[in-house]
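What follows is a set of notes on a single structure, which appears directly below.
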Amino acid sequence: MSSNKSSARHPSPNPRLKAKKQQKKSSFSILRLVATFVVPYMAFLLFSRSGFFKKTLQRLGFSKGKSASTYVDGLPTYFTLPSGDKIPSVALGVWKAEPADVKGAVKAALEAGYRHIDEAWAYGNEAEVGEVIKASGIPRKDIWITSKLWNNHHAPEDVEGAIDESLSKLGTDYLDLYLIHWPVAFGKDGKLDVKLTEDPYPTWKKLEEMVEKGKVKNIGVANFNIRRMEELLAQPLKIKPAVNQVELNYWNPQPELLKWAKEKGILLQAYSPLGSSDKVKETLELPEVKDVAKELGITPAQVIISWHIQRGTVVLPKSVTPSRVVENLKVTALPQAAFDRLEKAATSHEPIKVLDPSPHWGVDLWDVKLKK
Ligand SMILES: NC(=O)c1ccc[n+]([C@@H]2O[C@H](COP(=O)([O-])OP(=O)(O)OC[C@H]3O[C@@H](n4cnc5c(N)ncnc54)[C@H](OP(=O)(O)O)[C@@H]3O)[C@@H](O)[C@H]2O)c1
């Protein structure tokens with residue numbers, strides 16, 4: 001009834017005219033949709049990708065913090081140290097990054113979301129790294145900086161001066177982590193100081209003092225084997241080493257050291273994770289690595305870097321190639337079967353040390369106890 005009534009009042013228009021009207025109406029609503037949603041969205045995308053937007057967010061304190069990398073998919077974005085500090089699980093390593101190249105690498109890293117730089121006095125590029133960090137506008141508290149005490153600064157009276165030099169070059173007043181770079185001490189004459197090499201406790205005590213003074217937040221070691229770690233831990237330490245930074249890669253995966261460190265609550269950091277410049281090509285060509293990469297649709301480098309984090313270590317890939325820097329941060333949890341396959345392959349062959357300066361320094365760094 002009612003429909004009849006209405007049709008009586010509003011006679012139906014010509015059907016062609018009606019279709020035309022409707023067409024006009026729908027193209028008008030598409031235009032309206034584009035103007036209301038798509039254009040502002042595109043404008044926001046463009047704006048949000050601009051450096052100005054990122055810097056404004058950082059200044060307002062909304063930047064990604066030390067522990068908030070959004071790139072880490074299904075893997076821990078950080079590990080917590082005994083101090084309570086959260087160390088990001090991926091760092092940019094800068095060894096062998098020439099001063100001219102390192103600036104571009106650190107800039108690319110910070111823009112990609114890295115908040116952890118692995119430095120050392122001996123790398124000779126602390127000033128350049130400090131410059132880029134400062135120019136980034138990212139608050140100091142949001143970037144984790146590690147540096148290391150070189151072999152010729154182990155004498156307790158030399159430690160603070162070495163730290164001050166690194167602080168000044170990096171343009172900061174504290175380091176998040178400071179490591180004894182090698183269990184090797186050189187004397188003032190440049191020769192091996194056997195006593196301080198075999199007993200680094202005097203150096204360690206000075207590092208503890210540096211924590212008390214606030215110049216460094218966390219302290220640790222690098223290149224210490226289990227024997228050296230146990231001997232250091234047997235001393236009356238006020239602060240235990242928070243980390244041990246060691247060579248860990250497919251060639252030298254050190255499962256015993258990893259197990260031991262986990263039991264002791266000492267975090268390992270994987271250096272030369274891709275096999276360093278000497279063996280990176282070979283690493284990325286390994287059939288197991290290539291298979292997993294294909295299966296997951298990620299790159300071989302991403303497979304290896306993810307594997308390290310999944311083993312429970314911080315990982316320190318180095319690259320001065322901006323596209324690789326970005327690639328190396330995009331890690332993802334590996335399915336258990338893929339992880340087990342890589343772990344088995346890495347731990348089933350005879351270990352090969354990719355980096356071993358023992359012959360050069362005249363010290364067996366790994367096994368033999370030196371005579372005092
Ligand atoms: N505590 C210690 O005694 C110690 C010793 C060694 C290293 N470390 C630390 O660990 C960091 C890393 O170790 P590392 O430099 O020996 O070795 P690495 O990270 O295993 O390998 C670096 C090599 O891999 C290449 N690379 C990086 N990403 C790649 C990718 N996605 N695809 C293909 N190639 C890629 C780099 O080339 P490009 O740079 O040309 O891109 C470079 O040749 C050092 O920078 C340092 O911070 C510490």
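Going by the structure tokens order, chains are called A, B, ..., each with residues numbered from 1, while ligands are numbered from 1 in the order shown.
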
With ligand 1 as the partner and 6 Å as the cut-off, tabulate the residues of chain A that qualify, each row holding the nearest pair of atoms and their distance in Å to one decimal, using only C-alpha atoms and all ligand atoms, sorted by chain and rising number, as JSON lines.
{"residue": "A:Gly93", "atom": "CA", "partner": "ligand 1", "partner_atom_place_in_ligand_line": "47 (O)", "distance": 3.3}
{"residue": "A:Val94", "atom": "CA", "partner": "ligand 1", "partner_atom_place_in_ligand_line": "45 (O)", "distance": 4.0}
{"residue": "A:Trp95", "atom": "CA", "partner": "ligand 1", "partner_atom_place_in_ligand_line": "45 (O)", "distance": 3.6}
{"residue": "A:Asp118", "atom": "CA", "partner": "ligand 1", "partner_atom_place_in_ligand_line": "47 (O)", "distance": 4.7}
{"residue": "A:Glu119", "atom": "CA", "partner": "ligand 1", "partner_atom_place_in_ligand_line": "47 (O)", "distance": 5.7}
{"residue": "A:His181", "atom": "CA", "partner": "ligand 1", "partner_atom_place_in_ligand_line": "1 (N)", "distance": 5.4}
{"residue": "A:Ala222", "atom": "CA", "partner": "ligand 1", "partner_atom_place_in_ligand_line": "1 (N)", "distance": 5.2}
{"residue": "A:Gln245", "atom": "CA", "partner": "ligand 1", "partner_atom_place_in_ligand_line": "1 (N)", "distance": 5.5}
{"residue": "A:Tyr271", "atom": "CA", "partner": "ligand 1", "partner_atom_place_in_ligand_line": "10 (O)", "distance": 3.7}
{"residue": "A:Ser272", "atom": "CA", "partner": "ligand 1", "partner_atom_place_in_ligand_line": "13 (O)", "distance": 3.3}
{"residue": "A:Pro273", "atom": "CA", "partner": "ligand 1", "partner_atom_place_in_ligand_line": "20 (O)", "distance": 4.0}
{"residue": "A:Leu274", "atom": "CA", "partner": "ligand 1", "partner_atom_place_in_ligand_line": "20 (O)", "distance": 3.3}
{"residue": "A:Gly275", "atom": "CA", "partner": "ligand 1", "partner_atom_place_in_ligand_line": "20 (O)", "distance": 4.2}
{"residue": "A:Ser276", "atom": "CA", "partner": "ligand 1", "partner_atom_place_in_ligand_line": "17 (O)", "distance": 3.1}
{"residue": "A:Ser277", "atom": "CA", "partner": "ligand 1", "partner_atom_place_in_ligand_line": "43 (O)", "distance": 3.6}
{"residue": "A:Val280", "atom": "CA", "partner": "ligand 1", "partner_atom_place_in_ligand_line": "24 (O)", "distance": 5.2}
{"residue": "A:Ala301", "atom": "CA", "partner": "ligand 1", "partner_atom_place_in_ligand_line": "31 (N)", "distance": 4.8}
{"residue": "A:Leu316", "atom": "CA", "partner": "ligand 1", "partner_atom_place_in_ligand_line": "11 (C)", "distance": 4.9}
{"residue": "A:Pro317", "atom": "CA", "partner": "ligand 1", "partner_atom_place_in_ligand_line": "19 (O)", "distance": 3.6}
{"residue": "A:Lys318", "atom": "CA", "partner": "ligand 1", "partner_atom_place_in_ligand_line": "19 (O)", "distance": 3.8}
{"residue": "A:Ser319", "atom": "CA", "partner": "ligand 1", "partner_atom_place_in_ligand_line": "39 (O)", "distance": 3.2}
{"residue": "A:Val320", "atom": "CA", "partner": "ligand 1", "partner_atom_place_in_ligand_line": "39 (O)", "distance": 4.1}
{"residue": "A:Thr321", "atom": "CA", "partner": "ligand 1", "partner_atom_place_in_ligand_line": "41 (O)", "distance": 4.2}
{"residue": "A:Arg324", "atom": "CA", "partner": "ligand 1", "partner_atom_place_in_ligand_line": "31 (N)", "distance": 4.4}
{"residue": "A:Glu327", "atom": "CA", "partner": "ligand 1", "partner_atom_place_in_ligand_line": "31 (N)", "distance": 5.9}
{"residue": "A:Asn328", "atom": "CA", "partner": "ligand 1", "partner_atom_place_in_ligand_line": "31 (N)", "distance": 5.5}

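Contact shell of Ile219 in chain A at 10 Å (only C-alpha atoms; same-chain neighbours under 5 positions omitted): Ser83, Thr146, Ser147, Lys148, Leu175, Asp176, Leu177, Tyr178, Leu179, Ile180, Trp204, Leu207, Glu208, Met210, Val211, Ile239, Lys240, Pro241, Ala242, Val243 and Asn244 of chain A.
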
Test item, strand (DSSP E) assignment across range 79-323 of chain A, answer as a PyMOL selection string: chain A and resi 79-80+86-88+92-93+116-118+144-149+175-180+216-222+243-247+267-271+314-315

Saved selection, atoms kept: N, CA and C atoms, as a compact mmCIF listing (two decimals), in the first residue's frame:
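The resulting file, part_25.txt, is shown below:
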# COMPACT_ATOMS: atom_id res chain seq x y z
N PHE A 79 68.31 -8.01 25.99
CA PHE A 79 68.60 -8.91 27.10
C PHE A 79 68.80 -8.03 28.33
N THR A 80 68.41 -8.54 29.48
CA THR A 80 68.55 -7.73 30.69
C THR A 80 69.82 -8.14 31.45
N LYS A 86 68.83 -2.80 29.97
CA LYS A 86 68.40 -3.64 28.85
C LYS A 86 69.28 -3.35 27.65
N ILE A 87 70.00 -4.40 27.23
CA ILE A 87 70.93 -4.23 26.11
C ILE A 87 70.25 -4.73 24.83
N PRO A 88 70.14 -3.88 23.81
CA PRO A 88 69.47 -4.32 22.58
C PRO A 88 70.17 -5.52 21.95
N LEU A 92 75.22 -2.55 15.71
CA LEU A 92 76.08 -2.37 14.55
C LEU A 92 77.53 -2.46 15.04
N GLY A 93 78.28 -3.39 14.47
CA GLY A 93 79.71 -3.48 14.78
C GLY A 93 80.47 -2.54 13.86
N HIS A 116 72.14 0.42 19.21
CA HIS A 116 73.27 -0.22 19.88
C HIS A 116 74.47 -0.19 18.93
N ILE A 117 75.54 0.43 19.36
CA ILE A 117 76.76 0.50 18.55
C ILE A 117 77.88 -0.17 19.33
N ASP A 118 78.57 -1.10 18.68
CA ASP A 118 79.69 -1.79 19.33
C ASP A 118 80.99 -1.16 18.86
N TRP A 144 72.60 2.59 23.07
CA TRP A 144 73.54 1.79 23.87
C TRP A 144 74.92 1.86 23.21
N ILE A 145 75.90 2.35 23.97
CA ILE A 145 77.25 2.43 23.41
C ILE A 145 78.20 1.56 24.23
N THR A 146 78.86 0.65 23.53
CA THR A 146 79.88 -0.19 24.15
C THR A 146 81.24 0.26 23.64
N SER A 147 82.22 0.33 24.53
CA SER A 147 83.59 0.52 24.07
C SER A 147 84.50 -0.44 24.85
N LYS A 148 85.79 -0.46 24.48
CA LYS A 148 86.67 -1.49 25.05
C LYS A 148 88.05 -0.94 25.38
N LEU A 149 88.61 -1.55 26.41
CA LEU A 149 89.94 -1.17 26.92
C LEU A 149 91.00 -1.94 26.13
N LEU A 175 79.57 5.41 29.34
CA LEU A 175 79.42 4.30 28.39
C LEU A 175 78.43 3.31 29.01
N ASP A 176 77.60 2.71 28.16
CA ASP A 176 76.65 1.72 28.69
C ASP A 176 77.37 0.44 29.08
N LEU A 177 78.42 0.13 28.33
CA LEU A 177 79.16 -1.10 28.60
C LEU A 177 80.63 -0.88 28.22
N TYR A 178 81.52 -1.37 29.09
CA TYR A 178 82.95 -1.24 28.81
C TYR A 178 83.59 -2.61 29.06
N LEU A 179 84.35 -3.06 28.07
CA LEU A 179 84.91 -4.41 28.13
C LEU A 179 86.43 -4.40 28.13
N ILE A 180 87.03 -5.37 28.80
CA ILE A 180 88.45 -5.65 28.59
C ILE A 180 88.51 -6.33 27.23
N VAL A 216 81.07 4.39 33.55
CA VAL A 216 80.54 3.26 32.78
C VAL A 216 79.41 2.62 33.59
N LYS A 217 78.42 2.11 32.88
CA LYS A 217 77.24 1.55 33.59
C LYS A 217 77.40 0.05 33.84
N ASN A 218 78.01 -0.63 32.89
CA ASN A 218 78.17 -2.09 33.01
C ASN A 218 79.57 -2.45 32.54
N ILE A 219 80.14 -3.49 33.13
CA ILE A 219 81.48 -3.90 32.72
C ILE A 219 81.50 -5.39 32.37
N GLY A 220 82.43 -5.72 31.48
CA GLY A 220 82.53 -7.11 31.05
C GLY A 220 83.88 -7.36 30.42
N VAL A 221 83.97 -8.50 29.77
CA VAL A 221 85.23 -8.91 29.16
C VAL A 221 84.97 -9.35 27.72
N ALA A 222 86.04 -9.59 27.01
CA ALA A 222 85.91 -10.13 25.66
C ALA A 222 87.04 -11.14 25.46
N VAL A 243 78.99 -9.34 30.67
CA VAL A 243 79.03 -10.01 29.36
C VAL A 243 80.43 -10.49 29.05
N ASN A 244 80.49 -11.42 28.12
CA ASN A 244 81.75 -11.85 27.52
C ASN A 244 81.52 -11.79 26.01
N GLN A 245 82.26 -10.92 25.35
CA GLN A 245 82.10 -10.77 23.89
C GLN A 245 83.13 -11.66 23.20
N VAL A 246 82.64 -12.64 22.45
CA VAL A 246 83.54 -13.64 21.88
C VAL A 246 83.18 -13.94 20.42
N GLU A 247 84.11 -14.58 19.74
CA GLU A 247 83.80 -15.01 18.37
C GLU A 247 82.74 -16.10 18.41
N LEU A 267 76.04 -12.92 29.91
CA LEU A 267 75.54 -12.84 28.54
C LEU A 267 76.71 -12.89 27.55
N LEU A 268 76.57 -13.72 26.52
CA LEU A 268 77.58 -13.71 25.46
C LEU A 268 77.14 -12.76 24.36
N GLN A 269 78.14 -12.09 23.77
CA GLN A 269 77.89 -11.27 22.59
C GLN A 269 78.64 -11.92 21.44
N ALA A 270 77.93 -12.10 20.32
CA ALA A 270 78.52 -12.81 19.18
C ALA A 270 79.24 -11.83 18.26
N TYR A 271 80.58 -11.88 18.30
CA TYR A 271 81.31 -11.06 17.33
C TYR A 271 81.68 -11.90 16.12
N VAL A 314 73.62 -11.65 22.26
CA VAL A 314 73.56 -10.38 21.52
C VAL A 314 74.38 -10.60 20.25
N VAL A 315 74.00 -9.96 19.16
CA VAL A 315 74.72 -10.18 17.90
C VAL A 315 75.20 -8.85 17.33

Please extract the residues of range 94-234 of chain A with a backbone DSSP assignment of helix (DSSP H, G or I) and present them as a VMD selection string. chain A and resid 99 to 112 121 to 123 126 to 136 140 to 142 151 to 153 156 to 170 194 to 198 201 to 213 226 to 233

As a count of residues only, please: the residues near Ala337 in chain A (cut-off 12 Å, only C-alpha atoms, same-chain neighbours under 5 positions excluded). 7

Just to confirm, what's the straight-line distance from CA of Phe339 in chain A to CA of Ile304 in chain A in Å (one decimal)? 9.8 Å

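In this comparison, which uses only C-alpha atoms, the residue of A:Leu296, A:Val129, A:Leu33, A:Leu248 approaching Lys353 in chain A most closely is A:Leu248.
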
Please indicate the distance in Å from CA of Ala112 in chain A to CA of Ile138 in chain A, rounded to one decimal place.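 One can read the CA of Ala112 in chain A to CA of Ile138 in chain A distance as 12.6 Å.
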
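Taking CA of Glu126 in chain A and CA of Arg140 in chain A as the two end points, the separation is 15.2 Å.
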
Nearest residue to Glu157 in chain A out of A:Glu111, A:Glu209, A:Glu263, A:Glu230, using only C-alpha atoms?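 Closest candidate: A:Glu209.
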
Shell around Gly104 in chain A at 8 Å using only C-alpha atoms, local window under 3 positions removed, as an MDAnalysis selection string: chainID A and resid 101 107:108 320 322
